[in-house]
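This is start_6.txt. It holds compact mmCIF, C-alpha atoms and all ligand atoms.
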```
# COMPACT_ATOMS: atom_id res chain seq x y z
CA MET A 407 0.00 0.00 0.00
CA LYS A 408 2.97 2.31 0.48
CA CYS A 409 3.33 3.15 -3.19
CA PHE A 410 -0.33 4.18 -3.27
CA ASP A 411 0.25 6.65 -0.46
CA ILE A 412 3.11 8.21 -2.37
CA PHE A 413 1.05 8.24 -5.54
CA PHE A 414 -1.81 9.93 -3.74
CA ALA A 415 0.46 12.57 -2.27
CA LEU A 416 1.80 13.25 -5.75
CA LEU A 417 -1.66 13.35 -7.25
CA ILE A 418 -2.87 15.82 -4.65
CA THR A 419 0.16 18.04 -5.32
CA ILE A 420 -0.47 17.95 -9.07
CA LEU A 421 -4.16 18.61 -8.67
CA SER A 422 -3.88 21.40 -6.16
CA SER A 423 -1.33 23.15 -8.33
CA THR A 424 -3.45 22.94 -11.47
CA LEU A 425 -6.98 23.24 -10.14
CA ALA A 426 -8.61 26.53 -10.70
CA CYS A 427 -12.31 26.51 -10.18
CA SER A 428 -12.70 30.01 -11.42
CA PRO A 429 -15.97 30.58 -13.19
CA PRO A 430 -16.43 29.65 -15.86
CA TYR A 431 -14.27 27.19 -17.69
CA LEU A 432 -13.55 28.88 -20.98
CA GLU A 433 -10.06 27.93 -22.00
CA CYS A 434 -9.17 25.33 -24.53
CA SER A 435 -5.68 24.90 -23.26
CA ASN A 436 -2.75 22.60 -23.56
CA ASP A 437 -2.84 21.66 -27.21
CA LYS A 438 -0.05 19.11 -27.24
CA PRO A 439 0.46 16.56 -29.99
CA SER A 440 -1.24 13.35 -28.99
CA GLY A 441 1.61 10.98 -29.82
CA ASN A 442 1.07 7.39 -30.83
CA LEU A 443 -1.64 5.76 -28.83
CA SER A 444 -2.58 2.17 -29.05
CA LYS A 445 -6.20 1.61 -29.92
CA ARG A 446 -7.93 0.44 -26.80
CA GLY A 447 -10.82 1.25 -24.56
CA THR A 448 -14.33 -0.05 -24.37
CA GLY A 449 -17.52 1.82 -24.94
CA GLY A 450 -21.16 1.38 -25.59
CA LEU A 451 -22.41 4.17 -27.73
CA ARG A 452 -25.28 3.26 -29.92
CA GLY A 453 -28.68 2.23 -28.72
CA ASP A 454 -32.26 3.15 -29.58
CA ASN A 455 -32.17 6.36 -27.55
CA ILE A 456 -28.46 6.67 -26.99
CA GLN A 457 -25.93 8.05 -29.47
CA PRO A 458 -22.48 9.60 -29.49
CA TRP A 459 -22.43 13.29 -28.52
CA PRO A 460 -23.24 15.25 -31.68
CA ILE A 461 -21.21 17.99 -33.34
CA ASN A 462 -22.92 21.15 -32.11
CA ARG A 463 -20.29 23.69 -33.06
CA PRO A 464 -19.85 22.82 -36.73
CA GLN A 465 -17.63 25.77 -37.63
CA ALA A 466 -15.01 24.43 -35.24
CA GLY A 467 -15.86 20.75 -35.76
CA LEU A 468 -16.47 20.37 -32.02
CA ARG A 469 -18.79 18.36 -29.84
CA VAL A 470 -19.25 20.69 -26.91
CA ILE A 471 -20.57 18.92 -23.84
CA TRP A 472 -22.18 21.82 -22.03
CA PHE A 473 -22.54 21.31 -18.31
CA CYS A 474 -24.22 23.18 -15.50
CA PHE A 475 -24.28 22.70 -11.74
CA ALA A 476 -27.77 22.10 -10.37
CA SER A 477 -27.54 25.07 -8.00
CA LYS A 478 -25.03 27.42 -6.41
CA GLU A 479 -24.67 25.02 -3.49
CA ASP A 480 -23.88 22.14 -5.81
CA ARG A 481 -21.31 24.26 -7.60
CA ASP A 482 -19.69 25.48 -4.37
CA LYS A 483 -19.26 21.91 -3.14
CA LEU A 484 -18.50 20.08 -6.38
CA CYS A 485 -16.75 22.53 -8.66
CA ASN A 486 -13.21 21.49 -7.70
CA TYR A 487 -14.05 17.81 -8.00
CA PHE A 488 -15.66 18.06 -11.40
CA TYR A 489 -12.98 20.34 -12.85
CA GLY A 490 -10.37 18.04 -11.30
CA GLY A 491 -11.87 15.05 -13.13
CA LEU A 492 -11.90 17.04 -16.37
CA LYS A 493 -8.26 17.96 -15.85
CA MET A 494 -7.29 14.30 -15.65
CA TRP A 495 -8.89 13.67 -19.04
CA GLU A 496 -7.53 16.86 -20.55
CA GLN A 497 -4.00 15.80 -19.66
CA GLN A 498 -4.31 12.26 -21.03
CA LEU A 499 -6.08 13.50 -24.17
CA GLY A 500 -3.41 16.11 -24.92
CA GLY A 501 -5.91 18.94 -24.58
CA TRP A 502 -9.57 19.34 -25.56
CA GLY A 503 -10.92 19.05 -29.08
CA SER A 504 -8.61 20.45 -31.74
CA PRO A 505 -6.57 19.35 -34.75
CA THR A 506 -3.56 18.75 -32.50
CA SER A 507 -5.33 16.70 -29.84
CA GLY A 508 -7.00 14.68 -32.60
CA HIS A 509 -10.47 14.52 -31.05
CA SER A 510 -13.57 16.71 -31.02
CA ILE A 511 -14.77 16.65 -27.37
CA TYR A 512 -14.88 19.91 -25.47
CA PHE A 513 -16.43 20.45 -22.02
CA GLN A 514 -17.88 23.88 -21.34
CA GLU A 515 -19.77 25.23 -18.35
CA THR A 516 -22.92 27.23 -19.04
CA PHE A 517 -22.44 30.87 -18.20
CA PHE A 518 -23.93 34.30 -18.67
CA LYS A 519 -22.71 37.84 -19.07
CA GLU A 520 -24.63 40.87 -17.82
CA THR A 521 -23.19 42.89 -20.69
CA PRO A 522 -20.90 41.82 -23.52
CA GLU A 523 -17.97 43.40 -21.65
CA SER A 524 -18.67 42.03 -18.20
CA MET A 525 -17.05 38.99 -16.61
CA PRO A 526 -18.96 35.77 -17.19
CA GLY A 527 -20.62 34.05 -14.27
CA PRO A 528 -21.87 30.47 -13.92
CA ARG A 529 -25.41 29.76 -14.97
CA PHE A 530 -27.12 27.01 -12.99
CA CYS A 531 -29.29 24.21 -14.33
CA PHE A 532 -32.32 25.26 -12.31
CA LYS A 533 -33.89 28.64 -11.70
CA ASP A 534 -32.55 30.17 -8.50
CA GLY A 535 -33.98 28.60 -5.36
CA THR A 536 -36.09 25.98 -7.16
CA TRP A 537 -33.86 22.89 -6.98
CA ASP A 538 -35.09 20.66 -4.17
CA TYR A 539 -32.35 18.21 -3.33
CA GLU A 540 -34.57 15.95 -1.24
CA LYS A 541 -37.33 15.65 -3.83
CA GLU A 542 -34.92 15.89 -6.77
CA THR A 543 -37.12 18.39 -8.55
CA GLY A 544 -36.76 21.96 -9.74
CA ASP A 545 -37.66 24.43 -12.49
CA TRP A 546 -35.18 23.96 -15.31
CA ASN A 547 -33.53 27.21 -16.29
CA PRO A 548 -35.04 28.27 -19.64
CA TYR A 549 -31.65 29.70 -20.63
CA VAL A 550 -29.99 26.31 -20.30
CA HIS A 551 -30.41 23.91 -23.23
CA PRO A 552 -32.23 20.72 -22.17
CA ASP A 553 -29.34 18.53 -23.34
CA THR A 554 -26.90 20.16 -20.91
CA LEU A 555 -25.13 17.78 -18.52
CA MET A 556 -26.31 18.42 -14.97
CA ILE A 557 -23.70 18.10 -12.21
CA ARG A 558 -25.29 17.54 -8.82
CA LEU A 559 -24.81 16.36 -5.29
CA SER A 560 -26.07 12.83 -4.86
CA LYS A 561 -27.09 10.58 -2.01
CA LYS A 562 -26.08 7.60 -4.11
CA SER A 563 -22.32 7.88 -4.32
CA PHE A 564 -20.94 8.55 -7.85
CA TRP A 565 -22.85 7.92 -11.09
CA SER A 566 -23.41 9.21 -14.58
CA THR A 567 -25.66 8.73 -17.55
CA VAL A 568 -23.95 7.15 -20.57
CA ALA A 569 -23.43 9.12 -23.82
CA TYR A 570 -26.01 11.34 -25.53
CA ARG A 571 -29.71 10.70 -25.18
CA THR A 572 -31.93 11.64 -28.09
CA THR A 573 -35.05 12.35 -26.02
CA ASN A 574 -35.72 15.98 -25.23
CA ASP A 575 -36.26 16.19 -21.47
CA PRO A 576 -34.06 18.58 -19.47
CA GLY A 577 -31.70 16.95 -16.97
CA ARG A 578 -31.51 13.74 -19.02
CA HIS A 579 -27.73 13.96 -18.97
CA ALA A 580 -26.53 13.98 -15.40
CA LEU A 581 -23.52 13.18 -13.28
CA GLY A 582 -23.91 12.69 -9.55
CA ILE A 583 -21.17 13.19 -6.99
CA THR A 584 -21.58 11.91 -3.45
CA ASP A 585 -22.74 14.37 -0.80
CA ASP A 586 -20.41 12.54 1.57
CA LEU A 587 -17.18 14.09 0.26
CA ASP A 588 -14.19 13.68 2.53
CA PRO A 589 -11.42 16.30 2.11
CA ASN A 590 -8.89 13.61 3.08
CA LYS A 591 -9.99 11.54 0.09
CA LYS A 592 -10.06 14.38 -2.39
CA ALA A 593 -7.70 12.84 -4.96
CA MET A 594 -9.59 9.54 -4.80
CA HIS A 595 -12.94 11.27 -5.24
CA ILE A 596 -11.63 13.29 -8.20
CA SER A 597 -10.52 10.03 -9.75
CA TYR A 598 -14.04 8.61 -9.27
CA VAL A 599 -15.39 11.70 -11.03
CA ALA A 600 -12.99 11.02 -13.94
CA HIS A 601 -14.45 7.48 -14.15
CA GLU A 602 -17.95 9.00 -14.35
CA ILE A 603 -16.83 11.45 -17.06
CA GLY A 604 -15.79 8.34 -19.01
CA HIS A 605 -19.41 7.14 -18.77
CA THR A 606 -20.67 10.61 -19.76
CA MET A 607 -18.67 10.39 -22.98
CA GLY A 608 -20.06 6.91 -23.65
CA MET A 609 -17.66 4.45 -22.06
CA VAL A 610 -18.80 1.31 -20.29
CA HIS A 611 -16.95 -0.73 -17.68
CA GLU A 612 -13.90 -2.60 -18.94
CA HIS A 613 -14.79 -5.60 -16.75
CA GLN A 614 -18.18 -5.84 -18.47
CA ARG A 615 -16.65 -6.93 -21.79
CA LYS A 616 -17.71 -10.33 -23.04
CA ASP A 617 -14.06 -11.51 -22.97
CA ARG A 618 -13.38 -10.28 -19.44
CA ASP A 619 -13.12 -13.81 -18.01
CA ASP A 620 -9.81 -14.18 -19.85
CA TYR A 621 -8.36 -11.28 -17.83
CA VAL A 622 -10.26 -11.01 -14.56
CA THR A 623 -12.46 -13.18 -12.43
CA VAL A 624 -15.59 -11.86 -10.74
CA ASN A 625 -16.75 -13.26 -7.43
CA TYR A 626 -20.40 -12.29 -7.23
CA HIS A 627 -20.79 -13.75 -3.75
CA ASN A 628 -18.60 -10.97 -2.32
CA ILE A 629 -20.66 -8.18 -3.89
CA VAL A 630 -22.72 -6.00 -1.57
CA ASN A 631 -26.07 -7.52 -0.74
CA TYR A 632 -25.65 -10.38 -3.24
CA GLU A 633 -26.25 -13.20 -0.78
CA GLN A 634 -29.24 -11.40 0.77
CA ALA A 635 -30.63 -10.81 -2.72
CA LYS A 636 -30.28 -14.48 -3.54
CA THR A 637 -31.95 -15.56 -0.29
CA GLN A 638 -34.87 -13.24 -0.96
CA PHE A 639 -35.14 -14.40 -4.58
CA LEU A 640 -35.30 -18.05 -3.48
CA ALA A 641 -37.90 -17.18 -0.84
CA ASP A 642 -40.05 -15.36 -3.42
CA ASP A 643 -39.82 -18.08 -6.04
CA LYS A 644 -40.06 -21.57 -4.59
CA THR A 645 -39.54 -23.16 -8.01
CA MET A 646 -36.09 -21.60 -8.30
CA ASP A 647 -32.94 -23.45 -7.25
CA GLU A 648 -29.64 -21.84 -6.22
CA GLU A 649 -28.03 -22.32 -9.58
CA GLY A 650 -30.95 -20.69 -11.35
CA ALA A 651 -30.97 -17.75 -8.94
CA ASP A 652 -27.23 -17.22 -9.43
CA TRP A 653 -27.62 -17.40 -13.19
CA LEU A 654 -30.41 -14.81 -13.30
CA LEU A 655 -28.75 -12.48 -10.79
CA GLN A 656 -25.55 -12.54 -12.85
CA THR A 657 -26.94 -12.36 -16.36
CA THR A 658 -30.34 -10.65 -16.37
CA TYR A 659 -30.37 -6.98 -15.47
CA THR A 660 -33.82 -6.84 -13.92
CA TYR A 661 -33.06 -9.35 -11.13
CA PRO A 662 -30.11 -7.68 -9.37
CA LYS A 663 -31.99 -4.38 -9.80
CA LYS A 664 -35.14 -5.82 -8.27
CA TYR A 665 -33.26 -7.35 -5.34
CA ASP A 666 -31.01 -4.34 -4.89
CA THR A 667 -27.51 -5.68 -5.37
CA PRO A 668 -24.96 -3.95 -7.63
CA ALA A 669 -24.23 -7.27 -9.38
CA TYR A 670 -25.54 -5.61 -12.58
CA GLU A 671 -22.39 -3.45 -12.59
CA PHE A 672 -20.43 -6.64 -13.32
CA MET A 673 -22.73 -8.14 -15.91
CA LYS A 674 -21.42 -9.13 -19.32
CA PRO A 675 -23.23 -8.10 -22.51
CA ASN A 676 -26.14 -10.17 -23.67
CA GLU A 677 -25.83 -10.67 -27.43
CA GLY A 678 -23.55 -7.65 -27.58
CA GLN A 679 -25.81 -5.37 -25.57
CA ILE A 680 -25.68 -4.09 -22.05
CA GLY A 681 -27.80 -2.08 -19.61
CA PRO A 682 -31.43 -1.87 -18.54
CA PRO A 683 -33.86 -3.36 -21.10
CA THR A 684 -35.28 0.07 -21.89
CA ASP A 685 -31.87 1.59 -22.38
CA LEU A 686 -29.68 -0.95 -24.11
CA LEU A 687 -26.28 -0.08 -25.51
CA TRP A 688 -24.21 -1.93 -28.06
CA VAL A 689 -20.82 -2.63 -26.57
CA ASP A 690 -17.82 -1.75 -28.71
CA HIS A 691 -14.92 -3.98 -27.74
CA ARG A 692 -13.02 -4.32 -30.96
CA GLU A 693 -9.77 -3.46 -29.22
CA PRO A 694 -7.92 -5.53 -26.60
CA PHE A 695 -8.85 -5.56 -22.92
CA ASP A 696 -7.17 -2.70 -21.04
CA LEU A 697 -6.10 -3.55 -17.48
CA GLU A 698 -5.07 0.09 -16.98
CA SER A 699 -8.44 1.57 -17.91
CA ILE A 700 -10.06 3.95 -15.43
CA MET A 701 -13.28 2.12 -16.38
CA LEU A 702 -12.04 -1.13 -14.78
CA TYR A 703 -13.22 -1.77 -11.23
CA HIS A 704 -10.63 -2.55 -8.56
CA SER A 705 -10.78 -5.47 -6.17
CA GLN A 706 -12.65 -3.61 -3.43
CA ALA A 707 -15.36 -2.17 -5.67
CA HIS A 708 -18.87 -2.90 -4.36
CA VAL A 709 -17.64 -5.49 -1.86
CA GLN A 710 -19.53 -6.59 1.20
CA ASP A 711 -16.51 -6.08 3.49
CA ARG A 712 -14.06 -3.47 2.21
CA GLU A 713 -11.54 -3.84 4.98
CA LYS A 714 -11.32 -7.59 4.53
CA ALA A 715 -11.13 -7.26 0.76
CA SER A 716 -8.08 -5.02 1.08
CA ARG A 717 -6.25 -7.95 2.71
CA GLU A 718 -7.84 -11.15 1.44
CA GLN A 719 -8.35 -12.12 -2.15
CA ASP A 720 -11.20 -14.38 -1.08
CA SER A 721 -13.26 -11.33 -0.10
CA CYS A 722 -12.73 -9.35 -3.33
CA SER A 723 -15.33 -8.65 -5.99
CA ILE A 724 -12.85 -8.88 -8.83
CA LEU A 725 -9.32 -10.27 -9.25
CA LYS A 726 -6.77 -10.17 -12.03
CA ILE A 727 -5.73 -13.42 -13.71
CA VAL A 728 -1.95 -13.78 -13.66
CA LYS A 729 -0.46 -15.57 -16.66
CA ASP A 730 3.00 -16.87 -17.49
CA ASP A 731 4.90 -15.98 -20.67
CA HIS A 732 2.99 -18.63 -22.61
CA GLY A 733 -0.39 -17.29 -21.53
CA ASN A 734 -1.10 -20.07 -19.04
CA ARG A 735 -2.98 -19.05 -15.91
CA ILE A 736 -0.73 -19.27 -12.89
CA GLY A 737 -2.70 -17.42 -10.24
CA LEU A 738 -4.76 -14.42 -9.18
CA ASP A 739 -3.82 -10.97 -7.97
CA PHE A 740 -5.61 -7.87 -6.68
CA VAL A 741 -6.79 -5.38 -9.28
CA ARG A 742 -5.25 -2.14 -8.05
CA PRO A 743 -7.21 1.06 -8.65
CA ASN A 744 -6.41 2.90 -11.88
CA TRP A 745 -6.55 6.49 -10.69
CA LEU A 746 -6.12 8.19 -14.06
CA PRO A 747 -7.60 7.66 -17.54
CA SER A 748 -5.25 5.31 -19.41
CA LYS A 749 -3.73 5.79 -22.84
CA GLY A 750 -6.28 3.25 -24.03
CA ASP A 751 -9.13 5.33 -22.56
CA ALA A 752 -7.86 8.38 -24.45
CA ALA A 753 -7.55 6.27 -27.59
CA TRP A 754 -11.19 5.29 -27.22
CA VAL A 755 -12.22 8.97 -27.16
CA LYS A 756 -10.10 9.69 -30.23
CA ARG A 757 -11.46 6.72 -32.13
CA ASN A 758 -15.09 7.48 -31.33
CA TYR A 759 -14.87 11.27 -31.52
CA PRO A 760 -12.15 11.99 -34.06
CA TYR A 761 -11.39 15.58 -35.00
CA GLN A 762 -12.68 15.96 -38.54
CA GLY A 763 -12.35 19.70 -39.02
CA PRO A 764 -15.07 22.27 -39.61
CA GLN A 765 -18.33 20.81 -40.81
CA THR A 766 -20.04 22.58 -43.68
CA LEU A 767 -23.42 21.03 -43.08
CA PRO A 768 -24.75 22.10 -39.69
CA GLN A 769 -26.14 18.97 -38.09
CA ASN A 770 -27.66 20.73 -35.13
CA PRO A 771 -28.08 24.40 -34.41
CA PRO A 772 -25.08 25.38 -32.31
CA GLN A 773 -26.01 25.85 -28.72
CA ASP A 774 -24.29 28.85 -27.28
CA PRO A 775 -26.11 30.31 -24.31
CA GLY A 776 -23.31 32.72 -23.61
CA SER A 777 -25.37 35.82 -23.08
CA GLY A 778 -28.62 36.91 -21.56
CA PRO A 779 -29.98 37.24 -18.05
CA ALA A 780 -28.74 35.40 -15.04
CA SER A 781 -31.52 33.22 -13.72
ZN ZN B 1 -18.85 3.08 -13.54
```

Structure translated into structure tokens:
Amino acid sequence: MKCFDIFFALLITILSSTLACSPPYLECSNDKPSGNLSKRGTGGLRGDNIQPWPINRPQAGLRVIWFCFASKEDRDKLCNYFYGGLKMWEQQLGGWGSPTSGHSIYFQETFFKETPESMPGPRFCFKDGTWDYEKETGDWNPYVHPDTLMIRLSKKSFWSTVAYRTTNDPGRHALGITDDLDPNKKAMHISYVAHEIGHTMGMVHEHQRKDRDDYVTVNYHNIVNYEQAKTQFLADDKTMDEEGADWLLQTTYTYPKKYDTPAYEFMKPNEGQIGPPTDLLWVDHREPFDLESIMLYHSQAHVQDREKASREQDSCSILKIVKDDHGNRIGLDFVRPNWLPSKGDAAWVKRNYPYQGPQTLPQNPPQDPGSGPAS
């Protein structure tokens, strides 16, 4: 564990020296050449209602992912974390969308200016004072486009919607950050945000590839609430045997959801598709498995007993398969956390969102809410 402590200390130093949460985020900085990246990374982009983020600034050939914080309180608490997660991607991608970075993604906070000359200020997703955190309702700000990504405090740890949804309801793209943020775990939490930003762009979990069993092994019995879920399932359905319950809890999305165990976060694609039945995604895994991906869970993810799982392989949710030089399996090892997006993750972004230059045919009216009143 020692090397992790040193890594964390380093990460915190890097982040605190580069983090500026000054409103709003306007720069497209750090245009470095991308270098040669191997083609890796796993994503699920296309589904009935789910697509890659569209080009919405055709003159620049960019896909701007506009984001807003739900309210001032959300921004005050989460700004550093979200910008920190963006910074991690920006560094691995060699800057945001441009000819030199080789991709077309650009994150931009919604903002307003009182007058064309005045300093911009952040514009929130909801009209002032209307966002009710408990009820999760509010009046969407009419000056914020409905496809804007909402960043908000969440009771449910860290989560994000995946890719671009073609429906038209406001708040349909959202990224939640736990309301239980611990300043001592800042670097770790920023890394979790970077994982969620991967989902926002359209990535799915590396360990949910159909070929994952060649690289990692998943022990469902150590996953939070799995055994309780199974017991309840067997009690509800007397015709079911243990094997059948395990099979359904591990392969059919609705069962772990119904019985409230995060086993669905480890599920492999069914005929190439993944996710809830109403929201299926085709999984793209043309490139090799990436053990360094930020989208790969570590051995303590969603475990019943975290402390035990940090010491004992038998308590882990996921373990890495160790192979000899000939590819024979010789044992298992912990999957250590990948704190930063990998080269393969960046390659995924570049492959799925390549920079193709200015587009002459506007596909969507550019969304640029950079002026107007402040509500
Ligand atoms: Zn995830």

Taking all atoms of segment 459-467 of chain A that the file lists and extending 3 Å past them on each side, where is the centre of the axis-aligned box and how long are its edges? Answer in Å to one decimal, as JSON.
```
{"center_x": -19.1, "center_y": 19.5, "center_z": -33.1, "size_x": 14.2, "size_y": 18.5, "size_z": 15.1}
```

Protein/DNA/RNA residues near (-1.4, -15.5, -17.2), cut 12 Å, only C-alpha atoms, as number ranges by chain: A: 619-622, 726-739

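Atom pair atom CA of Thr573 of chain A / atom CA of Ile461 of chain A has a distance of 16.6 Å (rounded to one decimal).
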
Given 10 Å and all atoms listed in the file, residues near ligand ZN 1 (chain B) as number ranges by chain: A: 564-568, 598-606, 609-612, 671-672, 700-703

Dump of C-alpha atoms for the selected residues, as a PDB file, in the frame of the given file:
```pdb
ATOM      1  CA  PHE A 564     -20.940   8.550  -7.850  1.00  0.00           C
ATOM      2  CA  TRP A 565     -22.850   7.920 -11.090  1.00  0.00           C
ATOM      3  CA  SER A 566     -23.410   9.210 -14.580  1.00  0.00           C
ATOM      4  CA  THR A 567     -25.660   8.730 -17.550  1.00  0.00           C
ATOM      5  CA  VAL A 568     -23.950   7.150 -20.570  1.00  0.00           C
ATOM      6  CA  TYR A 598     -14.040   8.610  -9.270  1.00  0.00           C
ATOM      7  CA  VAL A 599     -15.390  11.700 -11.030  1.00  0.00           C
ATOM      8  CA  ALA A 600     -12.990  11.020 -13.940  1.00  0.00           C
ATOM      9  CA  HIS A 601     -14.450   7.480 -14.150  1.00  0.00           C
ATOM     10  CA  GLU A 602     -17.950   9.000 -14.350  1.00  0.00           C
ATOM     11  CA  ILE A 603     -16.830  11.450 -17.060  1.00  0.00           C
ATOM     12  CA  GLY A 604     -15.790   8.340 -19.010  1.00  0.00           C
ATOM     13  CA  HIS A 605     -19.410   7.140 -18.770  1.00  0.00           C
ATOM     14  CA  THR A 606     -20.670  10.610 -19.760  1.00  0.00           C
ATOM     15  CA  MET A 609     -17.660   4.450 -22.060  1.00  0.00           C
ATOM     16  CA  VAL A 610     -18.800   1.310 -20.290  1.00  0.00           C
ATOM     17  CA  HIS A 611     -16.950  -0.730 -17.680  1.00  0.00           C
ATOM     18  CA  GLU A 612     -13.900  -2.600 -18.940  1.00  0.00           C
ATOM     19  CA  GLU A 671     -22.390  -3.450 -12.590  1.00  0.00           C
ATOM     20  CA  PHE A 672     -20.430  -6.640 -13.320  1.00  0.00           C
ATOM     21  CA  ILE A 700     -10.060   3.950 -15.430  1.00  0.00           C
ATOM     22  CA  MET A 701     -13.280   2.120 -16.380  1.00  0.00           C
ATOM     23  CA  LEU A 702     -12.040  -1.130 -14.780  1.00  0.00           C
ATOM     24  CA  TYR A 703     -13.220  -1.770 -11.230  1.00  0.00           C
TER      25      TYR A 703
END
```

Close residues, segment 706-723 of chain A itself excluded, 6 Å, all atoms listed in the file, min 3 positions apart in chain, as a list in words: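 Selected residues are Val624, Asn625, Asn628, Ile629, Val630 and Tyr703 of chain A.
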
Straight-line distance linking atom CA of Thr554 of chain A with atom CA of Phe473 of chain A, stated in Å to one decimal: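 Going from atom CA of Thr554 of chain A over to atom CA of Phe473 of chain A covers 5.2 Å.
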
Which residue of A:His627, A:Lys616, A:Arg529, A:Lys756 approaches Asn547 of chain A most closely, using all atoms listed in the file: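 Going through A:His627, A:Lys616, A:Arg529, A:Lys756 one by one, the smallest distance to Asn547 of chain A is for A:Arg529.
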
Interatomic distance (Å, one decimal) between atom CA of Leu587 of chain A and atom CA of Met556 of chain A: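 So the answer is 18.3 Å.
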
Given only C-alpha atoms as the counted atoms, nearest of A:His509, A:Lys483, A:Lys541, A:Arg469 to Val755 of chain A: A:His509

Expected answer as a VMD selection string: all residues with atoms within 12 Å of (-22.3, -12.9, -9.3), only C-alpha atoms: chain A and resid 623 to 633 635 to 636 648 to 659 661 to 662 667 to 674 708 to 709 722 to 724

Take the residues from that selection and write them out as a PDB file, in the frame of the given file, keeping C-alpha atoms.
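Saved as out18.pdb:
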```
ATOM      1  CA  THR A 623     -12.460 -13.180 -12.430  1.00  0.00           C
ATOM      2  CA  VAL A 624     -15.590 -11.860 -10.740  1.00  0.00           C
ATOM      3  CA  ASN A 625     -16.750 -13.260  -7.430  1.00  0.00           C
ATOM      4  CA  TYR A 626     -20.400 -12.290  -7.230  1.00  0.00           C
ATOM      5  CA  HIS A 627     -20.790 -13.750  -3.750  1.00  0.00           C
ATOM      6  CA  ASN A 628     -18.600 -10.970  -2.320  1.00  0.00           C
ATOM      7  CA  ILE A 629     -20.660  -8.180  -3.890  1.00  0.00           C
ATOM      8  CA  VAL A 630     -22.720  -6.000  -1.570  1.00  0.00           C
ATOM      9  CA  ASN A 631     -26.070  -7.520  -0.740  1.00  0.00           C
ATOM     10  CA  TYR A 632     -25.650 -10.380  -3.240  1.00  0.00           C
ATOM     11  CA  GLU A 633     -26.250 -13.200  -0.780  1.00  0.00           C
ATOM     12  CA  ALA A 635     -30.630 -10.810  -2.720  1.00  0.00           C
ATOM     13  CA  LYS A 636     -30.280 -14.480  -3.540  1.00  0.00           C
ATOM     14  CA  GLU A 648     -29.640 -21.840  -6.220  1.00  0.00           C
ATOM     15  CA  GLU A 649     -28.030 -22.320  -9.580  1.00  0.00           C
ATOM     16  CA  GLY A 650     -30.950 -20.690 -11.350  1.00  0.00           C
ATOM     17  CA  ALA A 651     -30.970 -17.750  -8.940  1.00  0.00           C
ATOM     18  CA  ASP A 652     -27.230 -17.220  -9.430  1.00  0.00           C
ATOM     19  CA  TRP A 653     -27.620 -17.400 -13.190  1.00  0.00           C
ATOM     20  CA  LEU A 654     -30.410 -14.810 -13.300  1.00  0.00           C
ATOM     21  CA  LEU A 655     -28.750 -12.480 -10.790  1.00  0.00           C
ATOM     22  CA  GLN A 656     -25.550 -12.540 -12.850  1.00  0.00           C
ATOM     23  CA  THR A 657     -26.940 -12.360 -16.360  1.00  0.00           C
ATOM     24  CA  THR A 658     -30.340 -10.650 -16.370  1.00  0.00           C
ATOM     25  CA  TYR A 659     -30.370  -6.980 -15.470  1.00  0.00           C
ATOM     26  CA  TYR A 661     -33.060  -9.350 -11.130  1.00  0.00           C
ATOM     27  CA  PRO A 662     -30.110  -7.680  -9.370  1.00  0.00           C
ATOM     28  CA  THR A 667     -27.510  -5.680  -5.370  1.00  0.00           C
ATOM     29  CA  PRO A 668     -24.960  -3.950  -7.630  1.00  0.00           C
ATOM     30  CA  ALA A 669     -24.230  -7.270  -9.380  1.00  0.00           C
ATOM     31  CA  TYR A 670     -25.540  -5.610 -12.580  1.00  0.00           C
ATOM     32  CA  GLU A 671     -22.390  -3.450 -12.590  1.00  0.00           C
ATOM     33  CA  PHE A 672     -20.430  -6.640 -13.320  1.00  0.00           C
ATOM     34  CA  MET A 673     -22.730  -8.140 -15.910  1.00  0.00           C
ATOM     35  CA  LYS A 674     -21.420  -9.130 -19.320  1.00  0.00           C
ATOM     36  CA  HIS A 708     -18.870  -2.900  -4.360  1.00  0.00           C
ATOM     37  CA  VAL A 709     -17.640  -5.490  -1.860  1.00  0.00           C
ATOM     38  CA  CYS A 722     -12.730  -9.350  -3.330  1.00  0.00           C
ATOM     39  CA  SER A 723     -15.330  -8.650  -5.990  1.00  0.00           C
ATOM     40  CA  ILE A 724     -12.850  -8.880  -8.830  1.00  0.00           C
TER      41      ILE A 724
END
```

Would you mind listing what lies within 12 Å of Thr684 of chain A as a short mmCIF file (atom, residue, chain, number, x, y, z; two decimals) with C-alpha atoms, keeping the file's coordinate frame, with all atoms listed in the file counted and same-chain residues fewer than 2 positions away left out?
```
data_model
loop_
_atom_site.label_atom_id
_atom_site.label_comp_id
_atom_site.auth_asym_id
_atom_site.auth_seq_id
_atom_site.Cartn_x
_atom_site.Cartn_y
_atom_site.Cartn_z
CA GLY A 453 -28.68 2.23 -28.72
CA ASP A 454 -32.26 3.15 -29.58
CA ASN A 455 -32.17 6.36 -27.55
CA ILE A 456 -28.46 6.67 -26.99
CA TYR A 659 -30.37 -6.98 -15.47
CA THR A 660 -33.82 -6.84 -13.92
CA GLN A 679 -25.81 -5.37 -25.57
CA ILE A 680 -25.68 -4.09 -22.05
CA GLY A 681 -27.80 -2.08 -19.61
CA PRO A 682 -31.43 -1.87 -18.54
CA LEU A 686 -29.68 -0.95 -24.11
CA LEU A 687 -26.28 -0.08 -25.51
#
```

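Compared by their closest atoms to Asp586 of chain A, and using all atoms listed in the file, the residues A:Leu484, A:Gln457, A:Trp537, A:Ser510 rank with A:Leu484 nearest.
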
Nearest to Pro458 of chain A, chosen from A:Met607, A:Ala753, A:Val689, A:Met594, with only C-alpha atoms counted in the distances: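 Of the candidates, the smallest distance to Pro458 of chain A is held by A:Met607.
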